[in-house]
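Coordinates as given in protein09.txt (compact mmCIF, C-alpha atoms and all ligand atoms):
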```
# COMPACT_ATOMS: atom_id res chain seq x y z
CA PRO A 3 113.13 115.13 55.40
CA VAL A 4 110.85 118.07 56.24
CA MET A 5 109.53 116.13 59.23
CA ASP A 6 113.11 115.30 60.27
CA ASP A 7 114.08 118.96 60.07
CA PHE A 8 111.15 119.85 62.25
CA ALA A 9 111.91 117.13 64.79
CA GLY A 10 115.61 118.09 64.75
CA ARG A 11 114.80 121.74 65.41
CA GLN A 12 112.48 120.85 68.27
CA GLN A 13 115.19 118.72 69.81
CA ARG A 14 117.68 121.57 69.49
CA GLU A 15 115.18 123.93 71.11
CA ARG A 16 114.83 121.57 74.06
CA ARG A 17 118.60 121.21 74.37
CA LEU A 18 119.07 124.98 74.29
CA ALA A 19 116.39 125.53 76.95
CA GLN A 20 118.06 122.92 79.12
CA ARG A 21 121.51 124.43 78.63
CA LEU A 22 120.20 127.91 79.49
CA GLY A 23 118.12 126.69 82.42
CA ILE A 24 114.86 128.19 81.18
CA GLU A 25 111.43 126.83 80.35
CA HIS A 26 111.33 127.06 76.57
CA CYS A 27 113.23 128.17 73.46
CA THR A 28 112.15 128.84 69.90
CA ILE A 29 114.96 128.87 67.34
CA VAL A 30 114.31 130.39 63.91
CA PRO A 31 116.61 129.79 60.93
CA GLY A 32 119.41 132.24 60.14
CA ASP A 33 121.81 134.53 61.93
CA SER A 34 120.52 138.05 62.52
CA SER A 35 124.11 139.24 63.16
CA ALA A 36 125.09 138.35 59.59
CA ALA A 37 125.25 141.08 56.94
CA THR A 38 122.20 139.58 55.21
CA GLY A 39 120.50 138.67 58.49
CA SER A 40 117.07 139.91 59.44
CA LEU A 41 115.02 140.27 62.60
CA SER A 42 111.73 139.36 60.93
CA GLY A 43 111.91 135.60 61.59
CA MET A 44 112.33 136.17 65.32
CA ALA A 45 109.65 138.84 65.26
CA LYS A 46 107.13 136.46 63.65
CA ALA A 47 108.07 133.68 66.05
CA GLY A 48 107.73 136.14 68.94
CA ALA A 49 104.23 137.05 67.75
CA LYS A 50 103.30 133.36 67.70
CA VAL A 51 104.63 132.83 71.19
CA LEU A 52 102.56 135.78 72.43
CA ALA A 53 99.45 134.36 70.76
CA GLU A 54 100.09 131.07 72.49
CA ARG A 55 101.00 132.38 75.92
CA LEU A 56 98.70 135.36 76.56
CA PRO A 57 95.69 134.33 78.61
CA VAL A 58 92.16 135.12 77.46
CA GLY A 59 90.83 138.32 79.08
CA LYS A 60 92.81 141.24 80.49
CA SER A 61 96.59 141.45 80.46
CA THR A 62 99.04 144.25 81.09
CA ILE A 63 102.17 143.73 79.03
CA ALA A 64 105.42 145.50 79.92
CA VAL A 65 107.77 145.86 76.95
CA MET A 66 111.36 147.01 76.47
CA GLY A 67 112.87 148.81 73.48
CA GLY A 68 115.47 147.96 70.84
CA HIS A 69 115.38 146.98 67.17
CA THR A 70 114.29 143.41 67.85
CA LEU A 71 111.28 144.44 69.92
CA ALA A 72 110.42 147.24 67.47
CA THR A 73 110.34 144.63 64.66
CA LEU A 74 108.11 142.41 66.79
CA GLY A 75 105.77 145.38 67.23
CA GLN A 76 105.51 145.76 63.45
CA VAL A 77 104.31 142.19 62.88
CA LEU A 78 101.61 142.06 65.57
CA THR A 79 98.03 142.08 64.30
CA PRO A 80 94.57 142.71 65.82
CA THR A 81 94.04 138.93 65.97
CA LEU A 82 96.18 138.91 69.11
CA ALA A 83 93.55 141.01 70.89
CA MET A 84 90.54 139.12 69.56
CA ASN A 85 89.46 137.56 72.86
CA ARG A 86 91.77 139.66 75.01
CA GLN A 87 91.98 143.18 76.41
CA LEU A 88 95.61 144.19 76.20
CA LEU A 89 97.26 147.18 77.85
CA PHE A 90 100.86 147.82 76.80
CA VAL A 91 103.23 149.74 79.09
CA PRO A 92 106.95 150.50 78.75
CA ALA A 93 108.89 148.32 81.20
CA ARG A 94 111.44 151.04 81.92
CA GLY A 95 111.96 154.71 81.34
CA GLY A 96 115.05 156.73 80.69
CA VAL A 97 117.48 154.02 79.68
CA GLY A 98 118.55 156.08 76.67
CA GLU A 99 117.62 154.94 73.18
CA SER A 100 116.84 156.82 70.00
CA PRO A 101 113.12 157.67 69.71
CA ALA A 102 112.23 155.06 67.07
CA ILE A 103 113.23 152.14 69.30
CA GLN A 104 112.46 153.43 72.78
CA ALA A 105 110.27 151.29 75.02
CA ASN A 106 107.61 154.04 74.83
CA THR A 107 107.55 153.84 71.04
CA VAL A 108 107.55 150.05 70.89
CA CYS A 109 104.74 149.92 73.40
CA ALA A 110 102.62 152.41 71.41
CA GLN A 111 103.30 150.48 68.18
CA MET A 112 102.30 147.17 69.72
CA ALA A 113 99.06 148.73 70.94
CA GLN A 114 98.33 150.31 67.56
CA HIS A 115 99.02 147.11 65.62
CA THR A 116 96.70 145.11 67.88
CA ASN A 117 94.01 147.79 68.36
CA SER A 118 94.80 147.82 72.06
CA THR A 119 95.56 150.49 74.64
CA PHE A 120 98.86 151.76 75.98
CA ARG A 121 100.37 154.12 78.52
CA GLN A 122 103.63 156.05 78.34
CA LEU A 123 106.37 156.89 80.83
CA TYR A 124 107.82 160.32 80.18
CA ILE A 125 111.17 160.37 81.92
CA PRO A 126 114.04 162.62 80.89
CA GLU A 127 117.40 160.89 80.64
CA GLN A 128 120.58 161.41 82.62
CA LEU A 129 118.85 162.46 85.81
CA THR A 130 120.42 162.20 89.22
CA THR A 131 119.20 159.44 91.52
CA ALA A 132 117.59 162.06 93.77
CA THR A 133 115.51 163.38 90.89
CA TYR A 134 114.37 159.86 90.02
CA GLN A 135 113.16 159.42 93.58
CA GLN A 136 111.08 162.57 93.28
CA LEU A 137 109.61 161.42 89.99
CA PHE A 138 108.41 158.19 91.62
CA ALA A 139 106.06 160.30 93.70
CA GLU A 140 104.52 162.21 90.76
CA PRO A 141 100.91 160.92 90.45
CA SER A 142 100.97 160.49 86.65
CA ILE A 143 104.24 158.57 86.82
CA HIS A 144 103.28 156.67 89.93
CA GLU A 145 100.17 155.35 88.17
CA VAL A 146 102.15 153.93 85.25
CA LEU A 147 104.72 152.49 87.66
CA GLN A 148 101.90 150.67 89.40
CA LEU A 149 100.70 149.26 86.10
CA ILE A 150 104.24 148.05 85.37
CA ASP A 151 104.41 146.52 88.82
CA ARG A 152 101.12 144.68 88.30
CA SER A 153 101.87 143.61 84.71
CA SER A 154 101.69 139.87 84.19
CA VAL A 155 103.59 139.70 80.92
CA VAL A 156 107.09 141.02 80.15
CA VAL A 157 108.61 141.10 76.67
CA HIS A 158 112.24 142.19 76.45
CA GLY A 159 115.43 142.24 74.43
CA ILE A 160 119.03 141.43 75.33
CA GLY A 161 122.06 143.31 73.99
CA GLN A 162 125.83 143.27 74.07
CA ALA A 163 127.25 145.40 76.87
CA LEU A 164 129.59 147.65 74.90
CA ASP A 165 127.16 148.02 72.00
CA MET A 166 124.53 149.22 74.39
CA ALA A 167 126.94 151.55 76.20
CA GLU A 168 127.79 153.15 72.87
CA ARG A 169 124.18 153.31 71.72
CA ARG A 170 123.29 155.10 74.94
CA LYS A 171 126.27 157.43 74.65
CA MET A 172 127.56 156.53 78.07
CA ALA A 173 130.52 158.54 79.38
CA PRO A 174 134.02 157.18 78.63
CA HIS A 175 134.70 156.49 82.32
CA ALA A 176 131.50 154.43 82.55
CA VAL A 177 132.49 152.45 79.46
CA ALA A 178 135.95 151.90 80.95
CA ASP A 179 134.30 150.58 84.14
CA LEU A 180 132.20 148.15 82.11
CA THR A 181 135.28 146.89 80.28
CA ALA A 182 137.20 146.51 83.53
CA ALA A 183 134.30 144.54 85.00
CA HIS A 184 134.16 142.27 81.90
CA ALA A 185 130.56 143.19 81.16
CA VAL A 186 129.27 141.11 78.23
CA GLY A 187 125.54 141.75 78.18
CA GLU A 188 122.74 144.15 78.96
CA ALA A 189 119.03 143.81 79.64
CA PHE A 190 116.57 146.17 81.38
CA GLY A 191 119.40 148.69 81.94
CA TYR A 192 121.47 146.13 83.87
CA PHE A 193 124.95 145.20 82.69
CA PHE A 194 126.29 141.76 83.62
CA ASP A 195 129.37 139.60 83.12
CA ASP A 196 129.77 136.11 81.69
CA GLU A 197 128.67 134.53 84.95
CA GLY A 198 125.50 136.57 85.18
CA HIS A 199 126.75 138.90 87.90
CA VAL A 200 125.33 142.41 87.65
CA VAL A 201 128.29 144.80 87.34
CA SER A 202 126.41 148.03 86.75
CA LYS A 203 122.92 149.45 86.55
CA ILE A 204 121.71 152.62 84.86
CA PRO A 205 119.75 154.77 87.30
CA ARG A 206 116.27 154.59 85.88
CA ILE A 207 112.69 153.86 86.71
CA GLY A 208 110.38 150.90 86.24
CA LEU A 209 110.83 147.16 86.21
CA GLU A 210 113.77 145.61 88.09
CA ILE A 211 115.24 142.21 87.24
CA ASP A 212 114.17 140.98 90.69
CA ASP A 213 110.54 141.80 89.81
CA LEU A 214 110.60 139.24 86.99
CA ALA A 215 110.32 136.33 89.42
CA LYS A 216 106.64 137.13 90.06
CA LYS A 217 105.67 137.57 86.38
CA PRO A 218 103.82 134.54 84.99
CA VAL A 219 104.85 135.20 81.38
CA VAL A 220 108.37 136.40 80.52
CA ILE A 221 109.44 136.40 76.87
CA ALA A 222 112.96 137.33 75.74
CA VAL A 223 113.55 137.97 72.03
CA ALA A 224 117.22 138.13 71.06
CA GLY A 225 119.41 136.42 68.51
CA GLY A 226 122.47 136.63 66.31
CA SER A 227 125.86 134.94 66.78
CA GLU A 228 127.29 138.20 68.12
CA LYS A 229 124.78 138.20 70.96
CA GLY A 230 125.43 134.56 71.93
CA ALA A 231 127.61 135.37 74.95
CA ALA A 232 125.25 138.11 76.13
CA ILE A 233 122.23 135.80 75.92
CA ALA A 234 123.99 132.96 77.75
CA ALA A 235 125.14 135.39 80.45
CA TYR A 236 121.70 136.93 80.93
CA MET A 237 120.00 133.55 81.24
CA GLN A 238 121.93 132.95 84.47
CA LEU A 239 120.00 135.88 85.95
CA ALA A 240 116.73 135.18 84.18
CA PRO A 241 113.73 133.69 85.99
CA SER A 242 113.26 130.03 85.05
CA GLN A 243 109.81 130.65 83.51
CA THR A 244 111.51 132.65 80.72
CA TRP A 245 110.76 131.71 77.11
CA LEU A 246 113.47 132.71 74.65
CA VAL A 247 112.88 133.40 70.98
CA THR A 248 116.23 133.31 69.18
CA ASP A 249 117.93 132.27 65.93
CA ASP A 250 120.45 129.67 64.77
CA GLY A 251 123.27 132.21 65.05
CA ALA A 252 122.90 132.57 68.82
CA ALA A 253 121.76 128.97 69.40
CA ASP A 254 124.85 127.54 67.63
CA PHE A 255 127.09 129.77 69.70
CA VAL A 256 125.58 128.54 72.97
CA LEU A 257 125.28 124.87 72.04
CA LYS A 258 128.79 124.61 70.63
CA ARG A 259 130.70 126.07 73.54
O1 LIG B 301 117.48 149.49 75.36
C1 LIG B 301 116.45 148.56 75.33
C2 LIG B 301 116.95 147.17 75.01
O2 LIG B 301 115.86 146.27 75.12
C3 LIG B 301 118.11 146.69 75.86
O3 LIG B 301 117.77 146.31 77.16
C4 LIG B 301 118.68 145.60 75.01
O4 LIG B 301 120.02 145.33 75.34
C5 LIG B 301 118.55 146.20 73.63
O5 LIG B 301 117.46 147.11 73.69
C6 LIG B 301 118.39 145.22 72.51
O6 LIG B 301 118.35 145.97 71.34
P1 LIG B 301 118.39 145.35 69.87
O7 LIG B 301 117.18 144.51 69.72
O8 LIG B 301 118.41 146.54 68.99
O9 LIG B 301 119.66 144.54 69.78
```

As structure tokens, the full file:
Amino acid sequence: PVMDDFAGRQQRERRLAQRLGIEHCTIVPGDSSAATGSLSGMAKAGAKVLAERLPVGKSTIAVMGGHTLATLGQVLTPTLAMNRQLLFVPARGGVGESPAIQANTVCAQMAQHTNSTFRQLYIPEQLTTATYQQLFAEPSIHEVLQLIDRSSVVVHGIGQALDMAERRKMAPHAVADLTAAHAVGEAFGYFFDDEGHVVSKIPRIGLEIDDLAKKPVVIAVAGGSEKGAAIAAYMQLAPSQTWLVTDDGAADFVLKR
């Protein structure tokens, strides 16, 4: 029966990847949206996927924030960097998260847990587009932006649109716009609807969804039944080389609809 369970899970993972139009899925047991749910299964599975997918030698890894990615950061170990030189950079700046789960923090944690190096992007939030443009030109910021641009690995989360709007304390009119546009999900500061159409974008700095196409390794870590619609929506935008680490909660949602 243990073997059957394993074979059954693998088959479900293949079906999910096919349904989402991406290269690979890992499904861990449980539903992280449930009251008793936890992010640690996905975090451990995410660490395994990184160990499997990171090439030997030098890699620059661009990471996003959020609770899921922060949990992944906690479970990484120096083994990951045993025959590798890893440089962690935040994928984006200024998307508005509390300090403990900002991309900067997650990136520093991942570096610390693996005895690797990291760089930070110090960008104030709620800036006008004109100010962002000026910041691009600042040498210290420009250098990190170049590292992000040249990164070969991206690790990111996916969230529900209105949850993320609230978490980022977006203005009521902006939230109303998202609702009117039927936004269901968010990733990288982009909000999108059920069909994967981008309906809004937070002015910010760093990686763009279009840049993902040229990244050899793209790993999304997101799960929970409540995120099912957001994950399915995002995967219509996602580059096909994406690997998703998720849980039964989200997988059931996608496979049953
Ligand atoms: O704000 C960073 C971010 O990665 C978002 O792009 C994503 O929607 C969210 O965090 C996921 O957060 P969590 O793992 O806490 O659900």

Using all atoms listed in the file, what does the table of chain A residues within 6 Å of ligand LIG 301 (chain B) look like, with each row giving the shortest atom pair and its distance in Å to one decimal, sorted by chain and ascending number, as CSV?
```
residue,atom,partner,partner_atom,distance
A:Met66,CA,B:LIG301,O2,4.8
A:Gly67,CA,B:LIG301,C1,4.0
A:Gly68,CA,B:LIG301,O6,3.5
A:His69,CA,B:LIG301,O8,3.6
A:Thr70,CA,B:LIG301,O7,3.6
A:Leu71,CA,B:LIG301,O7,5.9
A:Glu99,CA,B:LIG301,O1,5.9
A:His158,CA,B:LIG301,O2,5.6
A:Gly159,CA,B:LIG301,O2,4.1
A:Ile160,CA,B:LIG301,O4,4.0
A:Gly161,CA,B:LIG301,O4,3.2
A:Glu188,CA,B:LIG301,O4,4.7
A:Ala189,CA,B:LIG301,O3,3.7
A:Phe190,CA,B:LIG301,O3,4.4
A:Gly191,CA,B:LIG301,O3,5.6
```

Residues within 10 Å of A:Asp196, all atoms listed in the file, excluding chain neighbours under 2 positions, as a PyMOL selection string: chain A and resi 184-187+194+198-200+231-236+238

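If you measure from each of A:Leu137, A:Gly98, A:Thr131, A:Gly226 to A:Ala167 using all atoms listed in the file, the closest one turns out to be A:Gly98.
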
Which of A:Thr119, A:Thr244, A:Gln135, A:Thr73 sits closest to A:Ile103 [using all atoms listed in the file]: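 Under the stated criterion, the closest residue is A:Thr73.
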
9 Å contact set for A:His115, only C-alpha atoms, chain neighbours under 5 positions out, as a list in words: Gly75, Gln76, Val77, Leu78, Thr79, Pro80 and Ala110 of chain A

Gap from atom CA of A:Gln162 to atom CA of A:Lys229 - Å, one decimal: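 Spanning atom CA of A:Gln162 to atom CA of A:Lys229 is a straight-line distance of 6.0 Å.
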
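Taking atom CA of A:Val155 and atom CA of A:Ile63 as endpoints, the distance between them is 4.7 Å.
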
Close residues, stretch 138-141 of chain A itself excluded, 12 Å, only C-alpha atoms, min 6 positions apart in chain, as a PyMOL selection string: chain A and resi 95+123-125+131-132+147-148+206-208

Point-to-point distance from atom CA of A:Ala83 to atom CA of A:Ser100, Å rounded to tenths: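 Rounded to one decimal, the two atoms are 28.2 Å apart.
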
Compile a residue-level contact table for stretch 205-232 of chain A against stretch 39-49 of chain A at a cut-off of 8 Å, reporting for every qualifying residue the shortest atom pair and its distance in Å to one decimal, with all atoms listed in the file counted, rows ordered by chain and ascending number, as a Markdown table.
```
| residue | atom | partner | partner_atom | distance |
| --- | --- | --- | --- | --- |
| A:Val223 | CA | A:Gly48 | CA | 6.8 |
| A:Ala224 | CA | A:Met44 | CA | 7.8 |
| A:Gly225 | CA | A:Met44 | CA | 7.8 |
```

Got time to write the residues from that selection, C-alpha atoms, as a CSV table (one decimal), in the coordinates of the input?
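File selection_12.csv, as written:
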```
chain,number,residue,atom,x,y,z
A,223,VAL,CA,113.6,138.0,72.0
A,224,ALA,CA,117.2,138.1,71.1
A,225,GLY,CA,119.4,136.4,68.5
```

Option closest in space to A:Asp254, from A:Ala9, A:Ile29, A:Val156, A:Val220 [counting all atoms listed in the file]: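 Ranked by minimum distance to A:Asp254, first place goes to A:Ile29.
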